[in-house]
file final.csv (CSV, C-alpha atoms)
chain,number,residue,atom,x,y,z
A,1,MET,CA,-24.7,-30.3,15.4
A,2,THR,CA,-25.1,-27.8,12.6
A,3,SER,CA,-21.9,-26.1,11.4
A,4,ALA,CA,-21.7,-22.6,10.1
A,5,ARG,CA,-22.0,-22.2,6.4
A,6,VAL,CA,-18.9,-20.0,6.2
A,7,SER,CA,-15.8,-20.8,8.1
A,8,GLN,CA,-15.0,-18.6,11.1
A,9,ARG,CA,-11.6,-17.9,9.5
A,10,ILE,CA,-13.0,-16.5,6.3
A,11,GLY,CA,-16.2,-15.1,7.8
A,12,SER,CA,-14.2,-12.9,10.1
A,13,ILE,CA,-12.4,-11.1,7.3
A,14,ALA,CA,-13.5,-7.5,6.7
A,15,GLU,CA,-14.1,-6.4,3.2
A,16,SER,CA,-11.4,-4.1,1.7
A,17,ALA,CA,-12.7,-0.7,2.7
A,18,THR,CA,-10.8,1.1,0.0
A,19,LEU,CA,-12.1,-1.2,-2.8
A,20,ALA,CA,-15.6,-0.9,-1.3
A,21,VAL,CA,-15.6,2.9,-1.4
A,22,ASP,CA,-14.2,2.8,-4.9
A,23,ALA,CA,-16.9,0.3,-6.0
A,24,LYS,CA,-19.6,2.4,-4.5
A,25,ALA,CA,-18.3,5.6,-6.2
A,26,LYS,CA,-18.1,3.8,-9.6
A,27,ALA,CA,-21.6,2.4,-9.2
A,28,LEU,CA,-23.0,5.9,-8.5
A,29,LYS,CA,-21.1,7.3,-11.4
A,30,ALA,CA,-22.5,4.5,-13.7
A,31,ALA,CA,-26.0,5.5,-12.5
A,32,GLY,CA,-25.3,9.0,-13.8
A,33,ARG,CA,-24.3,10.7,-10.5
A,34,PRO,CA,-21.4,13.2,-10.7
A,35,VAL,CA,-19.4,11.4,-8.0
A,36,ILE,CA,-15.7,12.3,-7.5
A,37,GLY,CA,-13.8,9.3,-6.1
A,38,PHE,CA,-10.8,9.8,-3.8
A,39,GLY,CA,-11.0,6.2,-2.6
A,40,ALA,CA,-8.7,4.0,-4.7
A,41,GLY,CA,-4.9,4.2,-4.7
A,42,GLU,CA,-4.7,4.0,-8.5
A,43,PRO,CA,-2.8,6.3,-10.9
A,44,ASP,CA,-5.1,7.8,-13.5
A,45,PHE,CA,-2.4,7.5,-16.1
A,46,PRO,CA,-2.4,4.8,-18.8
A,47,THR,CA,0.3,2.1,-18.5
A,48,PRO,CA,3.3,3.4,-20.6
A,49,GLY,CA,3.1,2.4,-24.3
A,50,TYR,CA,6.4,0.3,-24.4
A,51,ILE,CA,5.0,-1.9,-21.6
A,52,VAL,CA,1.7,-2.4,-23.4
A,53,GLU,CA,3.6,-3.3,-26.6
A,54,ALA,CA,5.7,-5.9,-24.8
A,55,ALA,CA,2.4,-7.5,-23.6
A,56,ILE,CA,1.0,-7.5,-27.1
A,57,GLU,CA,4.1,-9.2,-28.4
A,58,ALA,CA,4.0,-11.8,-25.7
A,59,ALA,CA,0.4,-12.6,-26.4
A,60,ARG,CA,1.4,-13.6,-29.9
A,61,GLN,CA,3.9,-16.2,-28.7
A,62,PRO,CA,2.4,-19.6,-28.1
A,63,ARG,CA,4.9,-20.4,-25.4
A,64,PHE,CA,3.2,-17.8,-23.2
A,65,HIS,CA,-0.2,-19.5,-23.8
A,66,ARG,CA,1.0,-22.4,-21.5
A,67,TYR,CA,1.7,-22.9,-17.8
A,68,SER,CA,5.0,-21.5,-16.7
A,69,PRO,CA,6.9,-22.0,-13.4
A,70,ALA,CA,4.7,-21.2,-10.4
A,71,GLY,CA,7.4,-18.9,-8.9
A,72,GLY,CA,7.7,-16.7,-12.0
A,73,LEU,CA,9.4,-16.6,-15.4
A,74,PRO,CA,13.2,-17.0,-14.9
A,75,GLU,CA,13.9,-13.9,-16.9
A,76,LEU,CA,11.5,-11.7,-14.9
A,77,LYS,CA,12.9,-13.0,-11.6
A,78,GLN,CA,16.4,-12.1,-12.7
A,79,ALA,CA,15.3,-8.7,-13.8
A,80,ILE,CA,13.6,-8.1,-10.5
A,81,ALA,CA,16.8,-9.0,-8.7
A,82,GLU,CA,18.7,-6.5,-10.9
A,83,LYS,CA,16.1,-3.8,-10.4
A,84,THR,CA,16.2,-4.3,-6.6
A,85,LEU,CA,20.0,-3.8,-6.6
A,86,ARG,CA,19.5,-0.7,-8.8
A,87,ASP,CA,16.7,1.0,-6.8
A,88,SER,CA,17.1,-0.4,-3.2
A,89,GLY,CA,20.8,-1.2,-3.2
A,90,TYR,CA,19.9,-4.7,-2.0
A,91,GLU,CA,21.6,-7.7,-3.6
A,92,ALA,CA,19.5,-10.8,-4.1
A,93,GLN,CA,19.7,-13.8,-6.4
A,94,ALA,CA,16.9,-14.7,-8.9
A,95,SER,CA,16.2,-17.8,-6.7
A,96,GLN,CA,15.3,-15.4,-3.8
A,97,VAL,CA,12.4,-13.9,-5.9
A,98,LEU,CA,8.8,-15.1,-6.0
A,99,VAL,CA,6.5,-13.4,-8.6
A,100,THR,CA,3.0,-13.0,-7.3
A,101,ASN,CA,-0.5,-12.1,-8.5
A,102,GLY,CA,-0.2,-8.5,-7.4
A,103,GLY,CA,1.3,-7.1,-4.2
A,104,LYS,CA,-1.6,-8.4,-2.1
A,105,GLN,CA,-0.6,-12.0,-2.8
A,106,ALA,CA,3.0,-11.2,-1.8
A,107,VAL,CA,1.7,-9.9,1.5
A,108,TYR,CA,-0.5,-13.0,2.1
A,109,ASN,CA,2.2,-15.4,1.0
A,110,THR,CA,4.7,-13.8,3.4
A,111,PHE,CA,2.6,-13.9,6.5
A,112,ALA,CA,1.2,-17.4,5.7
A,113,THR,CA,4.8,-18.6,5.3
A,114,LEU,CA,6.3,-16.9,8.4
A,115,LEU,CA,3.6,-17.1,11.0
A,116,ASP,CA,2.4,-19.8,13.4
A,117,PRO,CA,-0.8,-19.5,15.4
A,118,GLY,CA,-0.4,-16.8,18.1
A,119,ASP,CA,2.7,-15.2,16.6
A,120,GLU,CA,2.5,-11.4,16.9
A,121,VAL,CA,3.3,-8.8,14.2
A,122,LEU,CA,4.1,-5.2,15.2
A,123,LEU,CA,1.9,-3.2,12.9
A,124,PRO,CA,2.7,0.6,12.7
A,125,THR,CA,-0.7,2.3,12.5
A,126,PRO,CA,-2.4,3.9,10.5
A,127,TYR,CA,-1.8,0.8,8.3
A,128,TRP,CA,-2.9,-0.3,4.8
A,129,THR,CA,-6.3,-2.1,5.2
A,130,THR,CA,-5.1,-5.5,4.0
A,131,TYR,CA,-2.2,-6.0,6.4
A,132,PRO,CA,-4.1,-7.0,9.5
A,133,GLU,CA,-6.4,-9.3,7.6
A,134,ALA,CA,-3.4,-11.1,5.9
A,135,ILE,CA,-1.8,-11.4,9.3
A,136,ARG,CA,-4.9,-13.0,10.8
A,137,LEU,CA,-5.3,-15.3,7.8
A,138,GLY,CA,-1.7,-16.5,8.5
A,139,GLY,CA,-2.7,-17.3,12.1
A,140,GLY,CA,-0.9,-14.3,13.5
A,141,VAL,CA,-2.0,-11.5,15.8
A,142,PRO,CA,-1.6,-7.9,14.6
A,143,VAL,CA,-0.4,-5.6,17.3
A,144,GLU,CA,-1.2,-2.0,16.5
A,145,VAL,CA,1.4,0.7,17.3
A,146,PHE,CA,-0.3,4.0,16.6
A,147,ALA,CA,1.5,7.2,15.6
A,148,GLY,CA,-0.7,10.3,15.1
A,149,PRO,CA,-0.2,13.5,13.2
A,150,GLU,CA,1.6,15.0,16.2
A,151,GLN,CA,4.5,12.8,15.3
A,152,GLY,CA,4.1,12.9,11.5
A,153,TYR,CA,2.5,9.4,11.6
A,154,LEU,CA,5.9,7.9,12.2
A,155,VAL,CA,6.3,5.3,15.0
A,156,THR,CA,9.3,5.5,17.3
A,157,VAL,CA,11.6,2.7,18.6
A,158,ASP,CA,10.3,3.5,22.1
A,159,GLN,CA,6.7,2.7,21.0
A,160,LEU,CA,7.8,-0.5,19.2
A,161,ASP,CA,9.8,-1.6,22.3
A,162,ALA,CA,6.7,-1.0,24.5
A,163,ALA,CA,4.6,-3.2,22.3
A,164,LEU,CA,7.2,-6.1,22.2
A,165,THR,CA,6.3,-9.4,23.9
A,166,ASP,CA,7.8,-12.8,23.9
A,167,ARG,CA,5.3,-13.7,21.1
A,168,THR,CA,6.5,-11.0,18.7
A,169,LYS,CA,8.0,-12.5,15.6
A,170,ILE,CA,7.8,-9.8,12.9
A,171,LEU,CA,8.0,-6.0,12.4
A,172,LEU,CA,6.1,-4.8,9.4
A,173,PHE,CA,7.8,-1.7,8.1
A,174,VAL,CA,6.3,0.5,5.3
A,175,SER,CA,7.9,3.7,4.0
A,176,PRO,CA,6.6,5.6,2.0
A,177,SER,CA,3.3,4.8,3.8
A,178,ASN,CA,-0.1,4.0,2.6
A,179,PRO,CA,-2.4,5.5,3.9
A,180,THR,CA,-0.5,8.5,5.4
A,181,GLY,CA,2.2,9.3,2.8
A,182,ALA,CA,4.7,9.5,5.7
A,183,VAL,CA,8.4,8.7,4.9
A,184,TYR,CA,10.9,7.7,7.5
A,185,SER,CA,14.3,9.5,7.3
A,186,PRO,CA,17.4,7.4,6.7
A,187,GLU,CA,18.3,7.9,10.4
A,188,GLN,CA,14.9,6.7,11.6
A,189,VAL,CA,15.0,3.7,9.2
A,190,THR,CA,18.4,2.7,10.5
A,191,GLU,CA,17.4,3.1,14.2
A,192,ILE,CA,14.3,1.0,13.8
A,193,GLY,CA,16.1,-1.7,11.7
A,194,GLU,CA,18.9,-2.0,14.2
A,195,TRP,CA,16.4,-2.3,17.1
A,196,ALA,CA,14.6,-5.1,15.2
A,197,ALA,CA,17.9,-6.9,14.5
A,198,ALA,CA,18.9,-6.6,18.1
A,199,LYS,CA,15.6,-8.2,19.2
A,200,GLY,CA,15.9,-11.0,16.7
A,201,LEU,CA,12.8,-10.0,14.8
A,202,TRP,CA,11.9,-10.6,11.2
A,203,VAL,CA,11.3,-7.4,9.2
A,204,VAL,CA,8.8,-7.5,6.4
A,205,THR,CA,9.2,-4.2,4.4
A,206,ASP,CA,6.7,-3.1,1.7
A,207,GLU,CA,8.6,-0.9,-0.8
A,208,ILE,CA,5.8,-0.5,-3.4
A,209,TYR,CA,5.9,3.3,-3.2
A,210,GLU,CA,9.7,3.5,-3.4
A,211,HIS,CA,9.8,5.9,-6.4
A,212,LEU,CA,7.1,8.2,-5.1
A,213,THR,CA,8.8,10.7,-2.7
A,214,TYR,CA,8.7,14.5,-2.8
A,215,ASP,CA,10.5,17.6,-1.4
A,216,ARG,CA,13.8,15.9,-2.0
A,217,VAL,CA,13.0,13.3,0.7
A,218,PRO,CA,14.9,10.1,0.0
A,219,PHE,CA,13.6,6.6,0.0
A,220,THR,CA,15.6,4.3,2.2
A,221,SER,CA,15.4,0.5,2.1
A,222,ILE,CA,15.6,-0.9,5.6
A,223,ALA,CA,17.0,-4.1,4.1
A,224,THR,CA,20.0,-2.2,2.8
A,225,ALA,CA,20.4,0.3,5.6
A,226,VAL,CA,20.6,-2.5,8.2
A,227,PRO,CA,22.8,-5.4,7.1
A,228,ALA,CA,22.5,-6.8,10.6
A,229,LEU,CA,19.0,-8.0,9.7
A,230,GLY,CA,20.8,-10.7,7.7
A,231,ASP,CA,18.5,-13.4,6.4
A,232,LYS,CA,15.5,-12.3,8.4
A,233,VAL,CA,14.1,-9.7,6.0
A,234,VAL,CA,11.5,-10.0,3.3
A,235,ILE,CA,11.0,-7.2,0.7
A,236,LEU,CA,7.5,-6.8,-0.9
A,237,ASN,CA,7.1,-4.8,-4.1
A,238,GLY,CA,5.3,-4.7,-7.4
A,239,VAL,CA,4.7,-2.7,-10.7
A,240,ALA,CA,1.2,-1.4,-9.8
A,241,LYS,CA,2.0,2.1,-8.4
A,242,THR,CA,5.3,3.0,-10.1
A,243,TYR,CA,4.2,2.1,-13.7
A,244,ALA,CA,0.4,2.7,-13.5
A,245,MET,CA,-0.2,-1.1,-13.8
A,246,THR,CA,-2.7,-1.8,-11.0
A,247,GLY,CA,-4.8,-4.0,-13.3
A,248,TRP,CA,-1.9,-6.1,-14.6
A,249,ARG,CA,-1.6,-7.9,-11.2
A,250,VAL,CA,2.2,-8.4,-10.8
A,251,GLY,CA,4.0,-8.2,-7.5
A,252,TRP,CA,6.8,-10.0,-5.8
A,253,MET,CA,8.5,-11.0,-2.6
A,254,ILE,CA,12.2,-11.2,-2.1
A,255,GLY,CA,13.6,-13.1,0.9
A,256,PRO,CA,15.9,-16.0,2.1
A,257,ALA,CA,15.8,-19.1,-0.1
A,258,ASP,CA,14.0,-21.3,2.4
A,259,VAL,CA,11.2,-18.8,2.8
A,260,ILE,CA,10.8,-18.2,-0.9
A,261,LYS,CA,10.8,-22.0,-1.6
A,262,ALA,CA,8.0,-22.5,1.0
A,263,ALA,CA,6.0,-19.5,-0.3
A,264,THR,CA,6.4,-20.8,-3.9
A,265,ASN,CA,5.0,-24.2,-2.8
A,266,LEU,CA,2.0,-22.4,-1.3
A,267,GLN,CA,1.5,-20.4,-4.5
A,268,SER,CA,1.8,-23.6,-6.6
A,269,HIS,CA,-1.4,-24.8,-5.0
A,270,ALA,CA,-3.2,-21.4,-4.6
A,271,THR,CA,-2.8,-19.9,-8.1
A,272,SER,CA,0.2,-21.4,-10.0
A,273,ASN,CA,1.9,-18.8,-12.2
A,274,VAL,CA,1.0,-15.2,-12.7
A,275,ALA,CA,-0.4,-14.6,-16.2
A,276,ASN,CA,2.5,-14.8,-18.6
A,277,VAL,CA,1.5,-11.8,-20.6
A,278,SER,CA,1.4,-9.7,-17.5
A,279,GLN,CA,4.8,-11.1,-16.5
A,280,MET,CA,6.3,-10.0,-19.8
A,281,ALA,CA,4.8,-6.5,-19.4
A,282,ALA,CA,6.4,-6.4,-15.9
A,283,LEU,CA,9.7,-7.4,-17.4
A,284,ALA,CA,9.6,-4.5,-19.8
A,285,ALA,CA,8.7,-2.2,-16.8
A,286,VAL,CA,11.4,-3.2,-14.3
A,287,SER,CA,14.2,-3.5,-16.9
A,288,GLY,CA,13.2,-0.2,-18.7
A,289,PRO,CA,13.8,3.4,-18.0
A,290,LEU,CA,12.1,5.4,-15.2
A,291,ASP,CA,11.2,8.4,-17.4
A,292,ALA,CA,7.5,7.7,-17.3
A,293,VAL,CA,7.6,7.4,-13.5
A,294,GLU,CA,9.3,10.8,-13.3
A,295,GLU,CA,6.6,12.4,-15.5
A,296,MET,CA,3.8,10.9,-13.3
A,297,LYS,CA,5.6,12.2,-10.2
A,298,VAL,CA,5.5,15.8,-11.5
A,299,ALA,CA,1.8,15.5,-11.8
A,300,PHE,CA,1.4,13.8,-8.4
A,301,ASP,CA,3.5,16.5,-6.7
A,302,ARG,CA,1.4,19.2,-8.2
A,303,ARG,CA,-1.8,17.5,-7.0
A,304,ARG,CA,-0.4,16.8,-3.6
A,305,GLN,CA,0.3,20.5,-3.0
A,306,ALA,CA,-3.2,21.5,-4.3
A,307,MET,CA,-4.9,18.9,-2.1
A,308,VAL,CA,-3.0,19.8,1.1
A,309,ALA,CA,-3.6,23.5,0.5
A,310,GLY,CA,-7.3,22.9,-0.1
A,311,LEU,CA,-7.9,20.6,2.9
A,312,SER,CA,-5.8,22.8,5.2
A,313,ALA,CA,-8.0,25.8,4.4
A,314,ILE,CA,-11.0,24.0,6.1
A,315,ASP,CA,-11.7,24.9,9.7
A,316,GLY,CA,-11.4,21.8,11.9
A,317,VAL,CA,-9.2,19.9,9.4
A,318,ASN,CA,-5.5,19.3,10.1
A,319,CYS,CA,-3.7,18.0,7.0
A,320,PRO,CA,0.0,17.1,7.5
A,321,THR,CA,2.0,17.4,4.3
A,322,PRO,CA,2.7,13.9,3.0
A,323,HIS,CA,6.2,13.3,1.6
A,324,GLY,CA,5.5,10.1,-0.3
A,325,ALA,CA,3.0,7.8,-2.1
A,326,PHE,CA,-0.2,9.6,-3.3
A,327,TYR,CA,-2.4,10.1,-0.3
A,328,ALA,CA,-3.3,12.8,2.1
A,329,TYR,CA,-4.4,11.7,5.6
A,330,PRO,CA,-6.1,14.6,7.3
A,331,ASP,CA,-7.1,14.7,11.0
A,332,VAL,CA,-10.8,15.5,11.2
A,333,ARG,CA,-11.4,14.9,14.9
A,334,GLU,CA,-12.3,18.5,15.5
A,335,LEU,CA,-15.3,18.2,13.2
A,336,LEU,CA,-16.8,15.1,14.9
A,337,GLY,CA,-19.8,16.0,17.0
A,338,LYS,CA,-20.5,19.2,15.1
A,339,GLU,CA,-23.6,19.7,13.1
A,340,ILE,CA,-22.9,19.4,9.4
A,341,GLY,CA,-25.8,19.2,6.9
A,342,GLY,CA,-28.3,18.7,9.7
A,343,ILE,CA,-26.4,15.7,11.1
A,344,ARG,CA,-23.8,15.3,13.9
A,345,PRO,CA,-21.3,12.6,12.7
A,346,ALA,CA,-19.7,11.0,15.7
A,347,THR,CA,-17.0,9.0,13.8
A,348,SER,CA,-15.0,9.5,10.7
A,349,ALA,CA,-17.0,6.6,9.1
A,350,GLU,CA,-20.2,8.6,9.6
A,351,LEU,CA,-18.5,11.8,8.3
A,352,ALA,CA,-17.3,10.0,5.1
A,353,ALA,CA,-20.8,8.6,4.6
A,354,LEU,CA,-22.3,12.1,5.0
A,355,ILE,CA,-19.9,13.6,2.5
A,356,LEU,CA,-20.7,10.9,-0.1
A,357,ASP,CA,-24.4,11.3,0.5
A,358,LYS,CA,-24.6,15.1,0.5
A,359,VAL,CA,-21.9,16.3,-2.0
A,360,GLU,CA,-21.1,13.0,-3.8
A,361,VAL,CA,-17.4,12.8,-3.0
A,362,ALA,CA,-16.0,9.4,-1.9
A,363,ILE,CA,-13.3,9.3,0.7
A,364,VAL,CA,-12.1,6.5,2.9
A,365,PRO,CA,-12.7,6.8,6.7
A,366,GLY,CA,-9.8,6.2,9.2
A,367,GLU,CA,-11.6,3.1,10.6
A,368,ALA,CA,-10.2,1.3,7.5
A,369,PHE,CA,-6.6,2.0,8.6
A,370,GLY,CA,-6.8,2.1,12.4
A,371,PRO,CA,-8.5,4.6,14.9
A,372,SER,CA,-11.4,6.8,13.9
A,373,GLY,CA,-10.9,10.5,13.5
A,374,TYR,CA,-9.1,10.6,10.2
A,375,VAL,CA,-9.8,10.2,6.5
A,376,ARG,CA,-7.7,9.2,3.5
A,377,LEU,CA,-7.9,10.9,0.1
A,378,SER,CA,-5.9,9.7,-2.9
A,379,TYR,CA,-4.6,12.4,-5.2
A,380,ALA,CA,-3.8,10.0,-8.0
A,381,LEU,CA,-6.7,11.4,-10.1
A,382,GLY,CA,-7.1,14.2,-12.6
A,383,ASP,CA,-6.4,17.8,-11.7
A,384,ALA,CA,-9.9,19.0,-12.6
A,385,ASP,CA,-11.6,16.2,-10.6
A,386,LEU,CA,-9.3,16.9,-7.6
A,387,ALA,CA,-10.2,20.6,-7.6
A,388,GLU,CA,-13.9,19.9,-8.0
A,389,GLY,CA,-13.9,17.3,-5.2
A,390,VAL,CA,-11.9,19.3,-2.7
A,391,GLY,CA,-14.1,22.3,-3.5
A,392,ARG,CA,-17.2,20.4,-2.7
A,393,ILE,CA,-15.8,19.2,0.6
A,394,GLN,CA,-14.7,22.7,1.5
A,395,GLU,CA,-18.1,24.2,0.8
A,396,PHE,CA,-19.9,21.5,2.7
A,397,LEU,CA,-17.7,21.4,5.8
A,398,ALA,CA,-17.7,25.2,6.0
A,399,THR,CA,-21.3,24.8,7.4
A,400,ALA,CA,-20.0,22.8,10.5
A,401,HIS,CA,-21.0,24.4,13.8
call {"tool": "encode", "arguments": {"input": "final.csv", "output": "structure tokens"}}
result
Amino acid sequence: MTSARVSQRIGSIAESATLAVDAKAKALKAAGRPVIGFGAGEPDFPTPGYIVEAAIEAARQPRFHRYSPAGGLPELKQAIAEKTLRDSGYEAQASQVLVTNGGKQAVYNTFATLLDPGDEVLLPTPYWTTYPEAIRLGGGVPVEVFAGPEQGYLVTVDQLDAALTDRTKILLFVSPSNPTGAVYSPEQVTEIGEWAAAKGLWVVTDEIYEHLTYDRVPFTSIATAVPALGDKVVILNGVAKTYAMTGWRVGWMIGPADVIKAATNLQSHATSNVANVSQMAALAAVSGPLDAVEEMKVAFDRRRQAMVAGLSAIDGVNCPTPHGAFYAYPDVRELLGKEIGGIRPATSAELAALILDKVEVAIVPGEAFGPSGYVRLSYALGDADLAEGVGRIQEFLATAH
């Protein structure tokens, strides 16, 4: 009997749609095409200088040229615990922290550590494209709970309760949200957390956009808001979005000691330690001031308003105002089936491909995050590119009939 060359487990993984769109946009740009890319969730700012200097200094020290503990440098783990108390109001010990190679490894480690085959994870949808793949790799089953623009892309306790089965083990909770930019109110966070605690569920909460909220909307950590969750909560975070450090690859997970120990064992075989120079850069970031973050937020807020205004001006596009992260998630269902540029796109994937082909603007279709009929645009790019890109989309979609 001949076996398949690639395992079923790995062969069934979908490529990261956001990275694929970004790679295609960059390839076209490298070929001389005037492509505007709204695909990647990546700040266009450089990493703040004091963080870069900390990395340069670390690179000069021979002790950082060697292996270090798989779970992270002790001084960084302590600083992450202190930063979490400062920003989330959640108290954790350094021993409850695992430093990972970017936020994605924290996501994978968590699901691989908590899930047995067949365990279900409630997945509020639209979701970040990596979550369902990481859940499946861990042997789990993602259960989508969809909230559309009519409810601000925010799931309710009633929806979660309807999706609950005797196989449900985890609720994944993300606020502010990628891809929608939705932010749950303190009251909603508390209600959902108390429901999860009453049902005996684990809560995995991704707080990587914690510092990016607008319109005086507060960030609320479900781990802090609902003490009743006890030792069944895992916090995911990283330096990528807050400090413009996507390429440095430093994330972390915070959880109960037994889970962190098991996840650290996994990481010791998968990758060992995160690069020490990156860890020392992250130490400077999490223990330093938030001034650079506030400066970036001013720019993001300006771009957010410009993007929402520009997209909302297009007939057939409904763009709810995002209150967090740096994405807009417009509803384009009214455009599907209409003739645009001589073609009738039936799905948001076809619409996104058409926009890239005809006006050289890269956006990510809703299929990457759940149901078709929506698109995601990141506004973490320069003001001039944003204006040019939205302008091209406006002009092209104005021909829809």
call {"tool": "closest_residue", "arguments": {"input": "final.csv", "among": "A:Phe38, A:Phe45, A:Phe396, A:Phe326", "to": "Thr18 (chain A)", "atoms": "only C-alpha atoms"}}
result
A:Phe38
call {"tool": "residues_near_point", "arguments": {"input": "final.csv", "point": "(-19.7, 2.6, -6.8)", "cutoff": "12 Å", "atoms": "only C-alpha atoms", "output": "MDAnalysis selection string"}}
result
chainID A and resid 18:40 356 360:363
call {"tool": "residues_around", "arguments": {"input": "final.csv", "residues": "Glu187 (chain A)", "least_positions_apart": "4", "cutoff": "12 Å", "atoms": "all atoms listed in the file", "output": "PyMOL selection string"}}
result
chain A and resi 156-157+183+191-194+218-222+225-226
call {"tool": "atom_distance", "arguments": {"input": "final.csv", "atom1": "CA of Leu351 (chain A)", "atom2": "CA of Thr125 (chain A)"}}
result
20.6 Å
call {"tool": "residues_around", "arguments": {"input": "final.csv", "residues": "region 230-236 of chain A", "least_positions_apart": "6", "cutoff": "9 Å", "atoms": "all atoms listed in the file", "output": "PDB file with C-alpha atoms, in the frame of the given file"}}
result
ATOM      1  CA  GLY A 103       1.300  -7.100  -4.200  1.00  0.00           C
ATOM      2  CA  ALA A 106       3.000 -11.200  -1.800  1.00  0.00           C
ATOM      3  CA  VAL A 107       1.700  -9.900   1.500  1.00  0.00           C
ATOM      4  CA  THR A 110       4.700 -13.800   3.400  1.00  0.00           C
ATOM      5  CA  ALA A 197      17.900  -6.900  14.500  1.00  0.00           C
ATOM      6  CA  GLY A 200      15.900 -11.000  16.700  1.00  0.00           C
ATOM      7  CA  LEU A 201      12.800 -10.000  14.800  1.00  0.00           C
ATOM      8  CA  TRP A 202      11.900 -10.600  11.200  1.00  0.00           C
ATOM      9  CA  VAL A 203      11.300  -7.400   9.200  1.00  0.00           C
ATOM     10  CA  VAL A 204       8.800  -7.500   6.400  1.00  0.00           C
ATOM     11  CA  THR A 205       9.200  -4.200   4.400  1.00  0.00           C
ATOM     12  CA  ASP A 206       6.700  -3.100   1.700  1.00  0.00           C
ATOM     13  CA  GLU A 207       8.600  -0.900  -0.800  1.00  0.00           C
ATOM     14  CA  ILE A 208       5.800  -0.500  -3.400  1.00  0.00           C
ATOM     15  CA  SER A 221      15.400   0.500   2.100  1.00  0.00           C
ATOM     16  CA  ILE A 222      15.600  -0.900   5.600  1.00  0.00           C
ATOM     17  CA  ALA A 223      17.000  -4.100   4.100  1.00  0.00           C
ATOM     18  CA  GLY A 251       4.000  -8.200  -7.500  1.00  0.00           C
ATOM     19  CA  TRP A 252       6.800 -10.000  -5.800  1.00  0.00           C
ATOM     20  CA  MET A 253       8.500 -11.000  -2.600  1.00  0.00           C
ATOM     21  CA  ILE A 254      12.200 -11.200  -2.100  1.00  0.00           C
ATOM     22  CA  GLY A 255      13.600 -13.100   0.900  1.00  0.00           C
ATOM     23  CA  PRO A 256      15.900 -16.000   2.100  1.00  0.00           C
ATOM     24  CA  VAL A 259      11.200 -18.800   2.800  1.00  0.00           C
TER      25      VAL A 259
END
